[in-house]
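Read through the structure below, which is laid out as structure tokens, and then see the notes.
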2 protein chains.
Amino acid sequence: LLLGPGDDAALWRPRAGFDTALTCDALVEGVHFDLKLISPWELGARTAAASLSDLAAMGAQPRAALLSLSLPARLARGAFFEAFNDGANAWLSAFGATMAGGDLCASPGPVFADLSLLGEVERGRALLRSGARPGDLLYCTGTLGDSAAGLAALRSPRRVAASARVWLAKRHLTPVPRVPAGRLLATRRWAHACIDISDGLSSEAWHLSRESGVLIEISAAAVPISAAARAAASAFRRDPLEWALGGGEDYELLFSSPPGLAAKIERELPRLTGVSATCVGRVRRGKGVLLVGSGRARRLPESGFDHFKG
Amino acid sequence: LLLGPGDDAALWRPRAGFDTALTCDALVEGVHFDLKLISPWELGARTAAASLSDLAAMGAQPRAALLSLSLPARLARGAFFEAFNDGANAWLSAFGATMAGGDLCASPGPVFADLSLLGEVERGRALLRSGARPGDLLYCTGTLGDSAAGLAALRSPRRVAASARVWLAKRHLTPVPRVPAGRLLATRRWAHACIDISDGLSSEAWHLSRESGVLIEISAAAVPISAAARAAASAFRRDPLEWALGGGEDYELLFSSPPGLAAKIERELPRLTGVSATCVGRVRRGKGVLLVGSGRARRLPESGFDHFKG
């Protein structure tokens, strides 16, 4: 970064041999978060996590961020902005990025935060959604459904044991984007296609299917679900698989790799990043998303999370 | 642009020998605009204009944009988004940029739009706020105060003659960022410092003063004010100079240049860009902003436009 906040724009000097990846994510009070459940610091971290996760899914190294924050008058003069900014900066700096600029303004309505993020990836190595090939194995990092379980636990804290509740809440409030895993997949060419799981496994699998022109087969029994999410599901009489498929905001990576790389993915990726990688299915000729292994196979519907529905 | 909307991030391949400039601007309903006075198409163009103008002030060539748009349910399914997007794309493409991605989501409150913009500028040639030197002449492009006059005319249309009203409204609703002028100043090294006039001449002059460590002297009689703004000011019994100094959102450029370049600035810049350049003052040793030539000299206050005030 040549020039940070304070001028008309930030200046960044791109490195030779690298492409620039660019993304933004907006979080709106009352749609994406509830200020009764999340602190300003956590909200800053979570806003950064959403954009960091997009770059992780491209295999890019995050570098420079711009923040637009619109705050109602009751929050504007207080500690809210400082805490939000601290949280965002903590998450950005943990993954190699710095705040390059931004725009703070008043809101006559809810809190609105939008974080744009620039990163760099070795020329031609970016991980796209369109590269999955029949025969690939399908992997995800970490565990799925924790964020949905965490939100349920935050809303009804008495129903979930404290140990599970605290861990799940953290997974929901301050998700850790899988930047090192994405970098590894891109630089070592270990993945044909990659996407981050922000709207649930089902919806992301559909994106891979559409963009790559393939059928995605998910094995229900293979989906990694944490003991805490299982405990919460049991307390709420829910099926934790539904949280994994449709819950969203886990910010794990979903990627496809040739079967010859299975040993590397399953052993080296966890060893080098500290994050597990689980084979959850495979890529076949065809289209759509098929869930197998829980009774008879069923096709998952195309509809993902839609902010304007209902 | 290697990859546009539809993946986790957009991909941009930087050109060798160029730095990347990065900015964002947010517009919030009820703070920056009133949907009774501006159409969705115009709002899209104006949102793009704000970020384009930031890059113009850096001397950068706009290239790729990301749009976050948060819409209340009543607008979400209608033609609003299409019209907004058309307006934004019209402005972006007119200045050499394309929409690379974005995020459309629901709002439980007002319309919120944030546009991030990436551009490129020849390595080391970016125009900063910090380069003004004592002895420089101070210039602005175009005319100042039109946007404030346009807003007044939109609010009380009967008080302003139709010809002036239509022209001023256009200046307010769909400002034309001075990208070609900024590019010329940067590539020919015609300016020591540059800033765009988004918050009024007084506030921007203060930025130059602070960042460059100089005194900015503005000659009241030299400030270019259009005949239309003068007519509107007369109708509203206002001083048009106050609109120029404090009105904001004119999106003209304010820059300082060595006096030896005066002929180039005053003749070639208009000839090559179609935009006028007027000497409005000079840069001196000292600090602050001094207004001279309207009776006795007076120091202009440091406070610019503050969204959280009052």
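Identifiers in the structure tokens: chain A, B, ... in order shown; residue index from 1 per chain; ligand index from 1 in order shown.
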Counting only C-alpha atoms, what are the residues of chain B within 6 Å of chain A, and for each of them which pair of atoms is the nearest and at what distance in Å, to one decimal? Sort the table by chain and rising number, as a tab-separated table.
```
residue	atom	partner	partner_atom	distance
B:Asp8	CA	A:Asp54	CA	5.1
B:Ala9	CA	A:Thr23	CA	4.7
B:Ala10	CA	A:Leu22	CA	5.1
B:Leu11	CA	A:Ala21	CA	4.6
B:Trp12	CA	A:Thr20	CA	4.9
B:Arg13	CA	A:Asp19	CA	4.7
B:Asp19	CA	A:Arg13	CA	4.7
B:Thr20	CA	A:Trp12	CA	4.9
B:Ala21	CA	A:Leu11	CA	4.6
B:Leu22	CA	A:Ala10	CA	5.1
B:Thr23	CA	A:Ala9	CA	4.7
B:Asp54	CA	A:Asp8	CA	5.1
B:Cys105	CA	A:His307	CA	6.0
B:Ala106	CA	A:His307	CA	5.7
B:Gly109	CA	A:Gly109	CA	5.1
B:His307	CA	A:Ala106	CA	5.7
```
**Residues within 9 Å of Phe80 in chain B, only C-alpha atoms, excluding chain neighbours under 5 positions, as a VMD selection string** = chain B and resid 39 to 41 71 75 85
Would you put the residues from that selection into a file with C-alpha atoms, as a PDB file, in the first residue's frame?
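Result went into part29.pdb, see below:
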```pdb
ATOM      1  CA  SER B  39     -34.923   9.323 -10.307  1.00  0.00           C
ATOM      2  CA  PRO B  40     -33.388   5.843  -9.833  1.00  0.00           C
ATOM      3  CA  TRP B  41     -31.400   6.246 -13.071  1.00  0.00           C
ATOM      4  CA  LEU B  71     -33.186  -1.591  -1.088  1.00  0.00           C
ATOM      5  CA  LEU B  75     -38.379  -1.063  -4.374  1.00  0.00           C
ATOM      6  CA  ASN B  85     -27.857  -0.037 -12.555  1.00  0.00           C
TER       7      ASN B  85
END
```
**Message:** Can you tell me which residues surround Thr143 in chain B at a distance of at most 9 Å, considering only C-alpha atoms, apart from same-chain residues fewer than 2 positions away, and format the answer as number ranges by chain?
**Reply:** B: 140-141, 145-146, 223-226, 244, 250, 252, 276-278
Store the residues of this selection in a file with N, CA, C and O atoms, as a short mmCIF file (atom, residue, chain, number, x, y, z; two decimals), in the first residue's frame.
```
data_model
loop_
_atom_site.label_atom_id
_atom_site.label_comp_id
_atom_site.auth_asym_id
_atom_site.auth_seq_id
_atom_site.Cartn_x
_atom_site.Cartn_y
_atom_site.Cartn_z
N CYS B 140 -9.53 25.91 -10.32
CA CYS B 140 -10.61 24.92 -10.30
C CYS B 140 -11.15 24.76 -11.70
O CYS B 140 -11.01 25.63 -12.55
N THR B 141 -11.74 23.59 -11.96
CA THR B 141 -12.41 23.34 -13.24
C THR B 141 -13.84 23.83 -13.13
O THR B 141 -14.39 24.00 -12.04
N GLY B 145 -20.88 25.91 -7.11
CA GLY B 145 -22.14 26.32 -6.50
C GLY B 145 -23.37 25.87 -7.28
O GLY B 145 -24.49 26.02 -6.80
N ASP B 146 -23.15 25.29 -8.46
CA ASP B 146 -24.30 24.87 -9.28
C ASP B 146 -25.11 23.78 -8.59
O ASP B 146 -26.34 23.75 -8.71
N VAL B 223 -13.79 33.38 -8.23
CA VAL B 223 -14.50 32.08 -8.17
C VAL B 223 -15.53 32.01 -9.30
O VAL B 223 -16.39 32.89 -9.41
N PRO B 224 -15.42 31.01 -10.16
CA PRO B 224 -16.32 30.93 -11.33
C PRO B 224 -17.72 30.49 -10.92
O PRO B 224 -17.90 29.39 -10.39
N ILE B 225 -18.69 31.36 -11.14
CA ILE B 225 -20.08 31.06 -10.80
C ILE B 225 -20.93 31.26 -12.05
O ILE B 225 -20.85 32.30 -12.70
N SER B 226 -21.70 30.24 -12.38
CA SER B 226 -22.45 30.26 -13.64
C SER B 226 -23.55 31.32 -13.59
O SER B 226 -24.05 31.69 -12.52
N ALA B 244 -20.86 28.38 -3.53
CA ALA B 244 -19.59 27.88 -4.07
C ALA B 244 -18.66 27.44 -2.95
O ALA B 244 -17.97 26.42 -3.05
N ASP B 250 -20.20 19.64 -6.15
CA ASP B 250 -19.99 20.12 -7.52
C ASP B 250 -19.13 19.14 -8.32
O ASP B 250 -19.20 19.12 -9.55
N GLU B 252 -16.14 19.23 -9.14
CA GLU B 252 -15.09 19.82 -9.96
C GLU B 252 -13.74 19.50 -9.31
O GLU B 252 -13.69 18.96 -8.19
N SER B 276 -13.52 24.25 -18.55
CA SER B 276 -12.76 25.46 -18.24
C SER B 276 -11.89 25.25 -17.00
O SER B 276 -12.17 24.41 -16.15
N ALA B 277 -10.81 26.02 -16.94
CA ALA B 277 -9.95 26.02 -15.75
C ALA B 277 -9.74 27.48 -15.37
O ALA B 277 -9.30 28.29 -16.19
N THR B 278 -10.08 27.80 -14.11
CA THR B 278 -10.03 29.19 -13.66
C THR B 278 -9.08 29.32 -12.48
O THR B 278 -9.14 28.54 -11.54
#
```
**Item:** Long-range neighbours of Ala232 in chain B as a PyMOL selection string, 10 Å cut-off, only C-alpha atoms, 3 positions minimum in chain
**Value:** chain B and resi 146+148-150+152-153+159-161+164-165+168+226-229+235-240
**Asked** range 90-242 of chain B: which residues are helix (DSSP H, G or I) by DSSP, as a PyMOL selection string?
**Response** chain B and resi 90-94+129-131+146-155+157-159+162-173+179-187+201-212+220-222+227-236+240-242
**Prompt:** Hey, what's within 12 Å of Asp136 in chain A if we count only C-alpha atoms and toss same-chain stuff fewer than 3 positions away? As a ChimeraX atom specification, please?
**Reply:** /A:131-133,139,190-194,212,214-217,255-262,279-285
**Prompt:** Which parts of range 127-307 of chain B does DSSP call strand (DSSP E) when run on the backbone here, written out as a PyMOL selection string?
**Reply:** chain B and resi 137-141+193-197+215-219+252-257+277-284+288-293+295-299
Just the selected residues (C-alpha atoms), exported as a CSV table (one decimal), in the first residue's frame, please.
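Written output follows (result22.csv):
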```
chain,number,residue,atom,x,y,z
B,137,LEU,CA,-1.4,29.1,-8.5
B,138,LEU,CA,-4.8,27.6,-7.4
B,139,TYR,CA,-7.2,26.5,-10.1
B,140,CYS,CA,-10.6,24.9,-10.3
B,141,THR,CA,-12.4,23.3,-13.2
B,193,ALA,CA,-1.7,18.8,-5.7
B,194,CYS,CA,-5.3,18.0,-6.6
B,195,ILE,CA,-8.6,17.3,-4.8
B,196,ASP,CA,-12.2,17.0,-5.9
B,197,ILE,CA,-14.8,19.5,-4.7
B,215,LEU,CA,-1.9,28.8,3.3
B,216,ILE,CA,-4.5,28.8,0.6
B,217,GLU,CA,-5.6,32.2,-0.6
B,218,ILE,CA,-8.9,32.4,-2.5
B,219,SER,CA,-9.8,35.4,-4.5
B,252,GLU,CA,-15.1,19.8,-10.0
B,253,LEU,CA,-11.3,19.6,-9.4
B,254,LEU,CA,-9.3,22.0,-7.3
B,255,PHE,CA,-5.6,21.9,-8.0
B,256,SER,CA,-2.4,23.8,-7.6
B,257,SER,CA,0.2,24.3,-10.3
B,277,ALA,CA,-10.0,26.0,-15.7
B,278,THR,CA,-10.0,29.2,-13.7
B,279,CYS,CA,-7.3,30.6,-11.4
B,280,VAL,CA,-9.1,31.2,-8.1
B,281,GLY,CA,-6.2,32.0,-5.9
B,282,ARG,CA,-2.7,31.1,-4.8
B,283,VAL,CA,-0.7,29.0,-2.4
B,284,ARG,CA,1.4,30.9,0.3
B,288,GLY,CA,-5.4,28.0,6.8
B,289,VAL,CA,-7.7,29.4,4.1
B,290,LEU,CA,-8.0,33.1,3.4
B,291,LEU,CA,-10.7,34.7,1.3
B,292,VAL,CA,-9.6,38.0,-0.2
B,293,GLY,CA,-11.1,40.6,-2.5
B,295,GLY,CA,-14.1,43.8,1.2
B,296,ARG,CA,-11.4,42.9,3.7
B,297,ALA,CA,-9.7,39.5,3.8
B,298,ARG,CA,-11.3,36.9,6.1
B,299,ARG,CA,-10.2,33.5,7.3
```
**Message:** I'd like to know which of B:Leu184, B:Ala48, B:Leu300, B:Leu92 is closest to Thr273 in chain B, using only C-alpha atoms.
**Reply:**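 So, comparing all the options, the nearest one is B:Leu184.
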**Pick from A:Ala79, A:Leu269, A:Leu151, A:Ala90 nearest to Pro180 in chain A, counting only C-alpha atoms** = A:Leu269
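From CA of Phe95 in chain A back to CA of Lys170 in chain A, the distance works out to 17.9 Å.
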